[in-house]
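Participant: One structure, as structure tokens, below. Some questions next.
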Amino acid sequence: MELPRVLLALAGTGAAAGLALLPYVPRVPPAALPGKITATTFALERPCCVFDRHANASDAVWLVVAFANASAAFRNPPSRADVPSYEQLPTACSYMTLETAAAAYACSAPSSPVLRVGGDTACGGQGGRDPCNGPLPSPGPYRVKFLVMGCHGPKAETRWSDPILLRRAGSPSTIDPAPARRSSDVVVVASILASLGAVLAAAVLGAVGRRATSPRRPPRTPAWCPVHQAPAAGLTGLELWRTRAPGPPKTTRDLGLVALGGRGGHMLSPVGSVGSPEVRSTRG
């Protein structure tokens with residue numbers, strides 16, 4: 001009774017069938033990729049040129065997904081009919097998915113550089129008839145390995161990956177609405193500053209426009225200028241010369257009067273006055 005149990009255990013681990021252990025370790029791509037790790041999925045590097053010496057064209061390569069604390073207890077299925085399905089993950093803590101022809105991982109095969117684990121959202125209700133790559137139900141962590149299976153069972157396997165932890169989805173009740181309020185405050189302050197800037201620019205432009213359109217002031221009267229007045233009685237051609245002496249506004253001082261071409265050679269004697277000049281007539 002002990003010998004059948006030992007043989008069964010060896011068959012489960014692949015030692016009895018000469019299962020090849022490949023040194024390849026699956027991993028998440030180190031490069032920055034959009035959606036590399038999400039709350040329900042993660043990306044893996046495609047294992048190109050890994051199975052060429054251990055797989056035939058008719059063999060299939062499976063991906064084993066297990067919780068990190070249950071990966072050591074996983075046992076390779078002896079046939080395709082015994083492959084654990086996606087629906088068994090909550091109870092068996094592992095499942096197999098992404099069944100792919102070994103030729104698709106050959107060195108010369110054109111293919112995408114990454115694989116998406118958990119990217120199929122429509123296969124959960126298939127009842128386990130086909131391998132399902134459904135969304136992962138929890139953040140994990142998970143460990144994965146590739147398993148080559150032929151017509152007579154497993155042929156080769158890779159090492160387990162390092163633990164892969166998914167992102168945690170935040171609860172709506174834990175979302176802080178403060179960033180939205182701060183954003184609104186920033187918008188209000190920016191609007192006020194923009195309005196003030198527009199008012200200031202309009203005031204500057206208005207001042208410049210008024211200065212450009214305002215009439216220019218007349219030139220100042222020179223120190224000596226002729227001021228024509230009506231001729232005094234009995235004189236013709238009288239011209240009065242005035243000058244503005246320094247002093248308070250509206251204060252003038254007549255420095256001299258000269259009669260030009262008057263009748264009988266009238267002369268005007270110099271008289272200092274404020275306001276209207278006093279005219280005195282003398283005969284020479």
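Ordered as shown in the structure tokens, chains take letters A, B, and onward, while each chain numbers its residues from 1 and ligands are numbered from 1 in the order shown.
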Can you pull out every residue within 12 Å of A:Thr41, counting only C-alpha atoms, but drop anything in the same chain fewer than 4 positions away, and send it as a list of chain:residue names?
Facilitator: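 Near neighbours after the sequence-gap exclusion: A:Val28, A:Pro34, A:Gly35, A:Lys36, A:Ile37, A:Val65, A:Leu115, A:Arg116, A:Val117, A:Gly118, A:Gly119, A:Asp120, A:Thr121, A:Asn133, A:Gly134, A:Pro135, A:Leu136, A:Pro137, A:Ser138, A:Pro139, A:Gly140, A:Pro141, A:Tyr142, A:Ile164, A:Leu165, A:Leu166, A:Arg167, A:Arg168.
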Participant: Go through stretch 27-68 of chain A residue by residue and, counting only C-alpha atoms, keep those with an atom at most 12 Å from stretch 72-87 of chain A; for each kept residue give the shortest atom pair and its distance in Å to one decimal, ordered by chain and increasing number, as a Markdown table.
Facilitator:
```
| residue | atom | partner | partner_atom | distance |
| --- | --- | --- | --- | --- |
| A:Asp59 | CA | A:Arg80 | CA | 11.3 |
| A:Ala60 | CA | A:Arg80 | CA | 9.9 |
| A:Val61 | CA | A:Arg80 | CA | 11.3 |
| A:Trp62 | CA | A:Val83 | CA | 9.6 |
| A:Leu63 | CA | A:Val83 | CA | 10.9 |
| A:Val64 | CA | A:Asn76 | CA | 9.1 |
| A:Val65 | CA | A:Tyr86 | CA | 9.3 |
| A:Ala66 | CA | A:Phe74 | CA | 7.8 |
| A:Phe67 | CA | A:Ala72 | CA | 9.6 |
| A:Ala68 | CA | A:Ala72 | CA | 8.3 |
```
Participant: Go ahead and compute the interatomic distance for atom CA of A:Ser71 and atom CA of A:Phe42, in Å to one decimal.
Facilitator: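 Separation between atom CA of A:Ser71 and atom CA of A:Phe42: 17.7 Å.
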Participant: With distances taken over only C-alpha atoms, which of A:Asn69, A:Asn56, A:Ser191, A:Ser161 is nearest to A:Tyr105?
Facilitator: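 Nearest candidate to A:Tyr105 out of A:Asn69, A:Asn56, A:Ser191, A:Ser161: A:Asn56.
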Participant: What's the 10 Å shell around A:Thr158, counting only C-alpha atoms, without same-chain residues fewer than 5 positions away, as a list of chain:residue names?
Facilitator: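 Counting only the stated atoms, we get A:Ala20, A:Leu21, A:Leu22, A:Pro23, A:Tyr24, A:Val25, A:Pro26, A:Pro47, A:Val50, A:Phe51, A:Leu63, A:Val144, A:Lys145, A:Phe146, A:Leu147, A:Val148.
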